[in-house]
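Trainee: Please find protein_7.cif (mmCIF, C-alpha atoms, pLDDT in the B column; chains and numbers go by the auth columns) on the next line:
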data_data
loop_
_atom_site.group_PDB
_atom_site.id
_atom_site.type_symbol
_atom_site.label_atom_id
_atom_site.label_comp_id
_atom_site.label_asym_id
_atom_site.label_seq_id
_atom_site.Cartn_x
_atom_site.Cartn_y
_atom_site.Cartn_z
_atom_site.B_iso_or_equiv
_atom_site.auth_seq_id
_atom_site.auth_asym_id
ATOM 1 C CA MET A 1 13.237 4.177 11.188 78.00 10 Q
ATOM 2 C CA LEU A 2 14.667 7.547 10.162 84.00 11 Q
ATOM 3 C CA GLN A 3 17.935 6.744 11.915 85.00 12 Q
ATOM 4 C CA ALA A 4 18.670 4.588 8.875 86.00 13 Q
ATOM 5 C CA VAL A 5 19.141 7.774 6.848 86.00 14 Q
ATOM 6 C CA ALA A 6 21.983 8.878 9.133 83.00 15 Q
ATOM 7 C CA GLU A 7 23.561 5.424 8.878 83.00 16 Q
ATOM 8 C CA LEU A 8 23.333 5.638 5.110 82.00 17 Q
ATOM 9 C CA GLN A 9 24.915 9.079 5.032 76.00 18 Q
ATOM 10 C CA ASN A 10 27.793 7.872 7.196 74.00 19 Q
ATOM 11 C CA ALA A 11 28.465 4.807 5.052 66.00 20 Q
ATOM 12 C CA SER A 12 31.478 5.414 2.829 47.00 21 Q
ATOM 13 C CA SER A 13 30.031 3.143 0.151 48.00 22 Q
ATOM 14 C CA SER A 14 26.829 5.166 -0.283 48.00 23 Q
ATOM 15 C CA ALA A 15 26.785 5.827 -4.016 51.00 24 Q
ATOM 16 C CA PHE A 16 23.874 8.230 -3.766 48.00 25 Q
ATOM 17 C CA LEU A 17 26.044 10.768 -1.942 52.00 26 Q
ATOM 18 C CA SER A 18 27.790 11.520 -5.230 55.00 27 Q
ATOM 19 C CA LEU A 19 24.528 12.773 -6.751 57.00 28 Q
ATOM 20 C CA ASP A 20 23.678 16.442 -7.074 62.00 29 Q
ATOM 21 C CA ALA A 21 20.584 16.095 -4.855 76.00 30 Q
ATOM 22 C CA SER A 22 21.010 16.352 -1.079 86.00 31 Q
ATOM 23 C CA VAL A 23 18.854 14.463 1.418 89.00 32 Q
ATOM 24 C CA GLN A 24 18.397 15.022 5.143 91.00 33 Q
ATOM 25 C CA VAL A 25 15.956 14.277 7.950 93.00 34 Q
ATOM 26 C CA PRO A 26 14.152 17.275 9.501 94.00 35 Q
ATOM 27 C CA THR A 27 15.301 18.088 13.034 94.00 36 Q
ATOM 28 C CA GLN A 28 13.164 16.129 15.467 93.00 37 Q
ATOM 29 C CA CYS A 29 12.850 15.151 19.120 93.00 38 Q
ATOM 30 C CA VAL A 30 10.601 13.077 21.382 92.00 39 Q
ATOM 31 C CA LEU A 31 8.416 14.366 24.206 93.00 40 Q
ATOM 32 C CA HIS A 32 7.548 11.487 26.528 92.00 41 Q
ATOM 33 C CA GLY A 33 5.502 13.612 28.922 89.00 42 Q
ATOM 34 C CA GLY A 34 7.519 12.979 32.057 89.00 43 Q
ATOM 35 C CA GLU A 35 10.135 15.653 31.436 90.00 44 Q
ATOM 36 C CA SER A 36 10.607 18.592 33.775 91.00 45 Q
ATOM 37 C CA GLU A 37 9.863 22.028 32.369 89.00 46 Q
ATOM 38 C CA GLU A 38 13.599 22.655 32.056 91.00 47 Q
ATOM 39 C CA GLU A 39 14.138 19.387 30.166 91.00 48 Q
ATOM 40 C CA ARG A 40 11.164 20.097 27.915 89.00 49 Q
ATOM 41 C CA LEU A 41 12.402 23.558 26.993 89.00 50 Q
ATOM 42 C CA ALA A 42 15.898 22.182 26.332 91.00 51 Q
ATOM 43 C CA LEU A 43 14.435 19.682 23.861 89.00 52 Q
ATOM 44 C CA LEU A 44 12.317 22.328 22.129 90.00 53 Q
ATOM 45 C CA GLU A 45 15.323 24.632 21.743 91.00 54 Q
ATOM 46 C CA ARG A 46 16.557 22.257 19.056 89.00 55 Q
ATOM 47 C CA LEU A 47 13.473 22.909 16.927 92.00 56 Q
ATOM 48 C CA HIS A 48 12.219 25.769 14.810 92.00 57 Q
ATOM 49 C CA PHE A 49 8.451 26.193 14.726 93.00 58 Q
ATOM 50 C CA PRO A 50 6.142 25.205 13.167 94.00 59 Q
ATOM 51 C CA VAL A 51 6.482 21.502 13.966 95.00 60 Q
ATOM 52 C CA ILE A 52 4.569 18.364 13.056 94.00 61 Q
ATOM 53 C CA ALA A 53 3.481 16.407 16.142 94.00 62 Q
ATOM 54 C CA LYS A 54 3.074 12.670 15.576 91.00 63 Q
ATOM 55 C CA PRO A 55 1.968 10.011 18.087 89.00 64 Q
ATOM 56 C CA LEU A 56 4.998 8.152 19.436 85.00 65 Q
ATOM 57 C CA LEU A 57 3.041 4.911 19.792 78.00 66 Q
ATOM 58 C CA VAL A 58 1.456 3.564 16.621 70.00 67 Q
ATOM 59 C CA ASP A 59 -0.978 0.669 17.006 63.00 68 Q
ATOM 60 C CA GLY A 60 -2.732 0.714 13.627 63.00 69 Q
ATOM 61 C CA SER A 61 -5.821 2.502 14.940 63.00 70 Q
ATOM 62 C CA ALA A 62 -7.218 5.642 13.309 61.00 71 Q
ATOM 63 C CA LYS A 63 -6.136 7.669 16.334 67.00 72 Q
ATOM 64 C CA SER A 64 -2.495 6.705 15.860 65.00 73 Q
ATOM 65 C CA HIS A 65 -2.523 8.331 12.403 72.00 74 Q
ATOM 66 C CA VAL A 66 -3.785 11.713 13.608 84.00 75 Q
ATOM 67 C CA MET A 67 -1.058 14.355 13.441 90.00 76 Q
ATOM 68 C CA SER A 68 -1.029 18.039 14.315 93.00 77 Q
ATOM 69 C CA LEU A 69 0.751 21.163 13.157 93.00 78 Q
ATOM 70 C CA ALA A 70 1.859 23.304 16.101 93.00 79 Q
ATOM 71 C CA PHE A 71 2.955 26.870 15.347 93.00 80 Q
ATOM 72 C CA ASN A 72 4.499 27.758 18.729 92.00 81 Q
ATOM 73 C CA ILE A 73 5.011 26.460 22.281 90.00 82 Q
ATOM 74 C CA GLN A 74 1.520 27.629 23.273 91.00 83 Q
ATOM 75 C CA SER A 75 -0.218 25.554 20.594 92.00 84 Q
ATOM 76 C CA LEU A 76 2.091 22.600 21.267 93.00 85 Q
ATOM 77 C CA SER A 77 1.059 22.636 24.946 91.00 86 Q
ATOM 78 C CA LYS A 78 -2.503 21.744 23.833 92.00 87 Q
ATOM 79 C CA LEU A 79 -1.273 18.333 22.592 92.00 88 Q
ATOM 80 C CA LYS A 80 -0.873 15.299 24.819 91.00 89 Q
ATOM 81 C CA PRO A 81 2.482 13.409 24.866 92.00 90 Q
ATOM 82 C CA PRO A 82 4.104 11.052 24.078 93.00 91 Q
ATOM 83 C CA LEU A 83 4.848 12.758 20.765 93.00 92 Q
ATOM 84 C CA VAL A 84 7.467 12.817 18.054 93.00 93 Q
ATOM 85 C CA LEU A 85 8.079 16.419 17.005 95.00 94 Q
ATOM 86 C CA GLN A 86 9.500 17.133 13.573 95.00 95 Q
ATOM 87 C CA GLU A 87 10.262 20.511 12.039 96.00 96 Q
ATOM 88 C CA PHE A 88 7.848 21.427 9.267 95.00 97 Q
ATOM 89 C CA ILE A 89 9.548 22.164 5.936 95.00 98 Q
ATOM 90 C CA ASN A 90 7.640 24.148 3.306 95.00 99 Q
ATOM 91 C CA HIS A 91 7.444 21.778 0.342 95.00 100 Q
ATOM 92 C CA GLY A 92 4.867 23.189 -2.048 93.00 101 Q
ATOM 93 C CA GLY A 93 2.008 21.019 -0.783 93.00 102 Q
ATOM 94 C CA VAL A 94 3.385 17.912 -2.524 95.00 103 Q
ATOM 95 C CA ILE A 95 4.889 14.783 -1.032 95.00 104 Q
ATOM 96 C CA PHE A 96 6.645 12.042 -2.989 96.00 105 Q
ATOM 97 C CA LYS A 97 5.891 8.507 -1.835 96.00 106 Q
ATOM 98 C CA VAL A 98 8.447 5.931 -2.910 97.00 107 Q
ATOM 99 C CA TYR A 99 7.411 2.261 -2.902 97.00 108 Q
ATOM 100 C CA VAL A 100 10.072 -0.451 -2.793 97.00 109 Q
ATOM 101 C CA ALA A 101 9.485 -4.153 -3.425 96.00 110 Q
ATOM 102 C CA GLY A 102 12.801 -5.907 -3.834 95.00 111 Q
ATOM 103 C CA GLU A 103 14.519 -4.295 -6.829 94.00 112 Q
ATOM 104 C CA PHE A 104 11.315 -2.523 -7.885 96.00 113 Q
ATOM 105 C CA VAL A 105 11.132 1.189 -7.042 96.00 114 Q
ATOM 106 C CA GLN A 106 8.275 3.554 -7.899 95.00 115 Q
ATOM 107 C CA CYS A 107 7.921 7.230 -6.969 95.00 116 Q
ATOM 108 C CA VAL A 108 4.477 8.871 -7.038 93.00 117 Q
ATOM 109 C CA ARG A 109 3.140 12.340 -6.241 93.00 118 Q
ATOM 110 C CA ARG A 110 0.594 12.938 -3.480 93.00 119 Q
ATOM 111 C CA LYS A 111 -1.048 15.993 -2.002 92.00 120 Q
ATOM 112 C CA SER A 112 0.315 17.214 1.317 91.00 121 Q
ATOM 113 C CA LEU A 113 -0.053 20.090 3.748 90.00 122 Q
ATOM 114 C CA PRO A 114 0.137 23.554 2.166 90.00 123 Q
ATOM 115 C CA ASP A 115 3.074 25.810 2.888 92.00 124 Q
ATOM 116 C CA VAL A 116 3.004 27.874 6.067 90.00 125 Q
ATOM 117 C CA SER A 117 3.668 31.610 6.167 85.00 126 Q
ATOM 118 C CA ASN A 118 5.232 33.646 8.956 75.00 127 Q
ATOM 119 C CA THR A 119 1.812 35.067 9.817 68.00 128 Q
ATOM 120 C CA ASN A 120 0.696 31.637 11.108 72.00 129 Q
ATOM 121 C CA GLY A 121 3.124 31.895 14.020 68.00 130 Q
ATOM 122 C CA ASP A 122 0.548 33.658 16.191 76.00 131 Q
ATOM 123 C CA LEU A 123 -1.973 30.803 16.051 80.00 132 Q
ATOM 124 C CA LEU A 124 -2.532 29.415 19.551 84.00 133 Q
ATOM 125 C CA GLU A 125 -4.407 26.265 18.530 90.00 134 Q
ATOM 126 C CA PRO A 126 -2.774 23.305 16.766 91.00 135 Q
ATOM 127 C CA VAL A 127 -4.184 22.182 13.425 88.00 136 Q
ATOM 128 C CA SER A 128 -4.949 18.456 13.275 87.00 137 Q
ATOM 129 C CA PHE A 129 -4.962 16.351 10.126 83.00 138 Q
ATOM 130 C CA CYS A 130 -4.971 12.686 9.190 74.00 139 Q
ATOM 131 C CA GLN A 131 -3.307 10.844 6.285 57.00 140 Q
ATOM 132 C CA ILE A 132 -3.623 13.595 3.680 57.00 141 Q
ATOM 133 C CA SER A 133 -1.285 11.708 1.357 54.00 142 Q
ATOM 134 C CA ASN A 134 -2.800 8.283 2.057 54.00 143 Q
ATOM 135 C CA THR A 135 -4.888 8.116 -1.110 52.00 144 Q
ATOM 136 C CA SER A 136 -5.182 5.692 -3.983 50.00 145 Q
ATOM 137 C CA SER A 137 -2.935 6.024 -7.001 49.00 146 Q
ATOM 138 C CA THR A 138 -5.875 7.034 -9.195 45.00 147 Q
ATOM 139 C CA GLU A 139 -7.534 9.619 -6.958 46.00 148 Q
ATOM 140 C CA TYR A 140 -5.253 12.435 -8.087 41.00 149 Q
ATOM 141 C CA SER A 141 -4.068 10.928 -11.357 44.00 150 Q
ATOM 142 C CA ASP A 142 -5.929 13.556 -13.388 40.00 151 Q
ATOM 143 C CA SER A 143 -5.011 16.489 -11.174 51.00 152 Q
ATOM 144 C CA PRO A 144 -3.094 18.976 -13.361 49.00 153 Q
ATOM 145 C CA ASP A 145 -1.513 20.709 -10.372 74.00 154 Q
ATOM 146 C CA LEU A 146 0.108 17.419 -9.316 84.00 155 Q
ATOM 147 C CA GLN A 147 0.996 16.106 -12.758 84.00 156 Q
ATOM 148 C CA ASP A 148 2.906 19.293 -13.503 87.00 157 Q
ATOM 149 C CA ILE A 149 5.147 18.784 -10.465 91.00 158 Q
ATOM 150 C CA GLU A 150 8.586 17.511 -11.410 93.00 159 Q
ATOM 151 C CA LEU A 151 9.515 14.197 -9.790 94.00 160 Q
ATOM 152 C CA PRO A 152 12.865 13.822 -7.999 94.00 161 Q
ATOM 153 C CA PRO A 153 15.686 12.530 -10.256 93.00 162 Q
ATOM 154 C CA ALA A 154 15.048 8.846 -10.955 93.00 163 Q
ATOM 155 C CA ASP A 155 18.669 7.782 -10.412 92.00 164 Q
ATOM 156 C CA PHE A 156 18.729 9.583 -7.072 92.00 165 Q
ATOM 157 C CA ILE A 157 15.550 7.819 -5.888 94.00 166 Q
ATOM 158 C CA VAL A 158 16.673 4.373 -7.098 94.00 167 Q
ATOM 159 C CA LYS A 159 20.125 4.625 -5.487 90.00 168 Q
ATOM 160 C CA PHE A 160 18.717 6.001 -2.252 91.00 169 Q
ATOM 161 C CA ALA A 161 16.122 3.214 -2.126 93.00 170 Q
ATOM 162 C CA ALA A 162 18.874 0.632 -2.699 93.00 171 Q
ATOM 163 C CA GLY A 163 20.871 2.128 0.172 91.00 172 Q
ATOM 164 C CA LEU A 164 17.893 2.025 2.515 93.00 173 Q
ATOM 165 C CA ARG A 165 17.144 -1.544 1.470 94.00 174 Q
ATOM 166 C CA LYS A 166 20.644 -2.548 2.563 91.00 175 Q
ATOM 167 C CA VAL A 167 20.733 -0.550 5.818 92.00 176 Q
ATOM 168 C CA LEU A 168 17.221 -1.574 6.892 93.00 177 Q
ATOM 169 C CA SER A 169 17.604 -5.203 5.738 93.00 178 Q
ATOM 170 C CA LEU A 170 14.102 -4.870 4.292 95.00 179 Q
ATOM 171 C CA ARG A 171 12.711 -5.626 0.864 95.00 180 Q
ATOM 172 C CA LEU A 172 9.168 -4.331 1.352 96.00 181 Q
ATOM 173 C CA PHE A 173 8.951 -0.715 2.515 96.00 182 Q
ATOM 174 C CA ASN A 174 8.172 2.794 1.396 96.00 183 Q
ATOM 175 C CA PHE A 175 9.435 6.229 2.335 96.00 184 Q
ATOM 176 C CA ASP A 176 8.022 9.737 2.130 96.00 185 Q
ATOM 177 C CA ILE A 177 10.265 12.427 0.723 96.00 186 Q
ATOM 178 C CA ILE A 178 9.624 16.152 0.267 97.00 187 Q
ATOM 179 C CA ARG A 179 11.477 18.868 -1.655 96.00 188 Q
ATOM 180 C CA ASP A 180 12.351 22.160 0.019 96.00 189 Q
ATOM 181 C CA VAL A 181 10.585 24.995 -1.840 94.00 190 Q
ATOM 182 C CA GLN A 182 13.720 27.102 -1.423 91.00 191 Q
ATOM 183 C CA SER A 183 15.992 24.599 -3.165 89.00 192 Q
ATOM 184 C CA MET A 184 15.157 22.160 -5.949 85.00 193 Q
ATOM 185 C CA ASN A 185 18.097 19.956 -4.928 90.00 194 Q
ATOM 186 C CA GLN A 186 17.324 19.742 -1.203 93.00 195 Q
ATOM 187 C CA TYR A 187 15.164 16.807 -0.103 95.00 196 Q
ATOM 188 C CA TYR A 188 13.970 15.623 3.295 95.00 197 Q
ATOM 189 C CA ILE A 189 12.946 12.099 4.299 95.00 198 Q
ATOM 190 C CA ILE A 190 10.054 12.496 6.715 94.00 199 Q
ATOM 191 C CA ASP A 191 8.860 8.908 7.184 92.00 200 Q
ATOM 192 C CA ILE A 192 9.802 5.284 6.469 94.00 201 Q
ATOM 193 C CA ASN A 193 7.304 2.418 6.737 91.00 202 Q
ATOM 194 C CA TYR A 194 7.882 -1.314 6.507 90.00 203 Q
ATOM 195 C CA PHE A 195 5.320 -3.423 4.590 90.00 204 Q
ATOM 196 C CA PRO A 196 3.185 -0.429 3.502 91.00 205 Q
ATOM 197 C CA GLY A 197 -0.186 -0.453 1.752 89.00 206 Q
ATOM 198 C CA TYR A 198 0.809 -1.388 -1.798 92.00 207 Q
ATOM 199 C CA SER A 199 -2.815 -1.408 -2.924 89.00 208 Q
ATOM 200 C CA LYS A 200 -2.578 2.381 -3.317 85.00 209 Q
ATOM 201 C CA MET A 201 0.035 1.907 -6.037 87.00 210 Q
ATOM 202 C CA LEU A 202 -0.821 1.420 -9.713 86.00 211 Q
ATOM 203 C CA HIS A 203 -0.485 -2.206 -10.940 90.00 212 Q
ATOM 204 C CA TYR A 204 0.435 -3.361 -7.456 93.00 213 Q
ATOM 205 C CA GLU A 205 -0.806 -6.898 -8.162 95.00 214 Q
ATOM 206 C CA THR A 206 1.773 -7.442 -10.908 96.00 215 Q
ATOM 207 C CA VAL A 207 4.515 -5.847 -8.838 95.00 216 Q
ATOM 208 C CA MET A 208 3.828 -8.064 -5.835 96.00 217 Q
ATOM 209 C CA ILE A 209 3.495 -11.256 -7.906 96.00 218 Q
ATOM 210 C CA ASP A 210 6.836 -10.545 -9.582 96.00 219 Q
ATOM 211 C CA PHE A 211 8.411 -9.870 -6.190 96.00 220 Q
ATOM 212 C CA PHE A 212 7.220 -13.118 -4.612 95.00 221 Q
ATOM 213 C CA LEU A 213 8.183 -15.110 -7.702 96.00 222 Q
ATOM 214 C CA SER A 214 11.688 -13.632 -7.490 94.00 223 Q
ATOM 215 C CA LEU A 215 11.875 -14.732 -3.833 93.00 224 Q
ATOM 216 C CA ALA A 216 10.804 -18.266 -4.777 94.00 225 Q
ATOM 217 C CA LYS A 217 13.426 -18.372 -7.520 93.00 226 Q
ATOM 218 C CA GLU A 218 16.061 -17.148 -5.088 91.00 227 Q
ATOM 219 C CA GLN A 219 15.157 -19.810 -2.548 89.00 228 Q
ATOM 220 C CA ARG A 220 15.296 -22.568 -5.156 90.00 229 Q
ATOM 221 C CA SER A 221 18.768 -21.430 -6.212 89.00 230 Q
ATOM 222 C CA LEU A 222 19.979 -21.909 -2.627 86.00 231 Q
ATOM 223 C CA MET A 223 18.764 -25.514 -2.394 80.00 232 Q
#
Could you write out this structure as structure tokens?
Mentor:
Amino acid sequence: MLQAVAELQNASSSAFLSLDASVQVPTQCVLHGGESEEERLALLERLHFPVIAKPLLVDGSAKSHVMSLAFNIQSLSKLKPPLVLQEFINHGGVIFKVYVAGEFVQCVRRKSLPDVSNTNGDLLEPVSFCQISNTSSTEYSDSPDLQDIELPPADFIVKFAAGLRKVLSLRLFNFDIIRDVQSMNQYYIIDINYFPGYSKMLHYETVMIDFFLSLAKEQRSLM
């Protein structure tokens, strides 16, 4: 799914590229488990630790949502492939989830993993976690530490969502975006999901009804 970001960046018509904010995908690779030691080390040379290890195969079970933070090769060796490895970017413990339903776009704040310091590099055991940001829209609505966090520029999010909608040929999806703590204008897309759980979004019923009504109107206009 994240390959769509590269396609969008390469498209000459991508209006969002003219914005001040920059967006990238963290460096990542796949460990299938059948690689030789030489092949494995060659893949890992592309990455800077720590890394997030995600299951390559996702079947909707609770197990497929369990991820781990590996601080070095030793801690990574404790995890069983196949895995998608993605460089961990310090992002202030906040993730922005962007929901798209047709032309509707909404960006919300969610809690995420805390930043990692250089002293964590000696940890030999991976740290596992599961769906930290997968909470309802009201669970953290009164949290001052989240409400004080500045959202990404609205025009940047809307234009980027429109670009993804075109490249993915999807109307129902969401994406997770984080902001590098070292640069307020540097963002990273870390995940894209088709047909996500809209029930975690405020007023999702109205949003979805409006979306399906717009589809019905569009279909009638084609008859």
Trainee: Hey, what's within 9 Å of Gln191 in chain Q if we count only C-alpha atoms and toss same-chain stuff fewer than 4 positions away? As a list in words, please?
Mentor: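 Surrounding residues, per the criterion: Asn99, His100 and Gln195 of chain Q.
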Trainee: Please identify all polymer residues within 12 Å of Ile201 in chain Q, counting all atoms listed in the file, omitting same-chain residues fewer than 3 positions from it, and present them as a ChimeraX atom specification.
Mentor: /Q:10-14,34,106-109,170,173-174,177,179,181-186,197-198,204-205
Trainee: Within 10 Å of range 215-232 of chain Q, which residues of range 60-174 of chain Q come that close, and what is the closest atom pair and distance in Å for each? Count only C-alpha atoms and give it as a Markdown table.
Mentor:
| residue | atom | partner | partner_atom | distance |
| --- | --- | --- | --- | --- |
| Q:Val109 | CA | Q:Val216 | CA | 9.8 |
| Q:Ala110 | CA | Q:Phe220 | CA | 6.4 |
| Q:Gly111 | CA | Q:Phe220 | CA | 6.4 |
| Q:Glu112 | CA | Q:Phe220 | CA | 8.3 |
| Q:Phe113 | CA | Q:Val216 | CA | 7.6 |
| Q:Val114 | CA | Q:Val216 | CA | 9.8 |
Trainee: Give me, please, the distance in Å between CA of Arg118 in chain Q and CA of Met76 in chain Q, quoted to one decimal.
Mentor: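 We find that CA of Arg118 in chain Q and CA of Met76 in chain Q lie 20.2 Å from each other.
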Trainee: Translate the PyMOL selection byres ((chain Q and resi 152-163) around 9) into a concrete residue list for this structure, as a list in words.
Mentor: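 Taken over the shown coordinates, the PyMOL selection byres ((chain Q and resi 152-163) around 9) returns Ala30, Val103, Phe105, Cys116, Val117, Arg118, Arg119, Lys120, Glu148, Tyr149, Ser150, Asp151, Asp164, Phe165, Ile166, Val167, Lys168, Arg188, Met193, Asn194 and Tyr196 of chain Q.
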Trainee: Interatomic distance between CA of Gly101 in chain Q and CA of Asp124 in chain Q?
Mentor: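 Between CA of Gly101 in chain Q and CA of Asp124 in chain Q the gap works out to 5.9 Å.
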Trainee: Report the distance between CA of Ile61 in chain Q and CA of Val136 in chain Q in Å, rounded to one decimal place.
Mentor: 9.6 Å
Trainee: At a cut-off of 7 Å, using all atoms listed in the file, what residues contact Pro135 in chain Q? Leave out same-chain residues fewer than 4 positions from it and give the result as a ChimeraX atom specification.
Mentor: /Q:77-80,84-85
Trainee: Restricting it to C-alpha atoms, dump the selection as a PDB file, keeping the file's coordinate frame.
Mentor:
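Here's the written file selection_7.pdb:
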ATOM      1  CA  SER Q  77      -1.029  18.039  14.315  1.00 93.00           C
ATOM      2  CA  LEU Q  78       0.751  21.163  13.157  1.00 93.00           C
ATOM      3  CA  ALA Q  79       1.859  23.304  16.101  1.00 93.00           C
ATOM      4  CA  PHE Q  80       2.955  26.870  15.347  1.00 93.00           C
ATOM      5  CA  SER Q  84      -0.218  25.554  20.594  1.00 92.00           C
ATOM      6  CA  LEU Q  85       2.091  22.600  21.267  1.00 93.00           C
TER       7      LEU Q  85
END
Trainee: Given all atoms listed in the file as the basis, pick out the residue of Q:Val190, Q:Asp131, Q:Asn81, Q:Gln115 nearest to Leu211 in chain Q.
Mentor: Q:Gln115
Trainee: Excluding Leu92 in chain Q and its own-chain neighbours fewer than 2 positions away, which residues fall within 7 Å of it when counting all atoms listed in the file? Please give them as a list in words.
Mentor: Val39, Leu40, His41, Ala62, Lys63, Pro64, Leu65, Pro90 and Leu94 of chain Q
Trainee: I need the residue nearest Thr36 in chain Q from this list: Q:Glu96, Q:Glu16, Q:Glu54, Q:Glu48. Use all atoms listed in the file for the distance.
Mentor: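 Going through Q:Glu96, Q:Glu16, Q:Glu54, Q:Glu48 one by one, the smallest distance to Thr36 in chain Q is for Q:Glu96.
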Trainee: Would you please work out which residue, of Q:Ile104, Q:Val93, Q:Leu17, Q:Val67, is nearest to Cys38 in chain Q when using only C-alpha atoms?
Mentor: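 Going through Q:Ile104, Q:Val93, Q:Leu17, Q:Val67 one by one, the smallest distance to Cys38 in chain Q is for Q:Val93.
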Trainee: Between Q:Gln33, Q:Ala51, Q:Leu66, Q:Gly206, which has the minimum distance to Pro91 in chain Q (counting only C-alpha atoms)?
Mentor: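 The answer is Q:Leu66, which sits nearest to Pro91 in chain Q.
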Trainee: Check the smallest atom-to-atom distance from each of Q:Asn202, Q:Asn19, Q:Ser192, Q:Gln37 to Pro59 in chain Q using all atoms listed in the file, then report the winner.
Mentor: Q:Gln37
Trainee: Would you place a box with edges along x, y and z of the file around all atoms of range 46-49 of chain Q listed there, add 8 Å to each of its six sides, and report the centre and edge lengths in Å to one decimal, as lines of an AutoDock Vina configuration file?
Mentor:
center_x = 12.0
center_y = 21.0
center_z = 30.1
size_x = 20.3
size_y = 19.3
size_z = 20.5
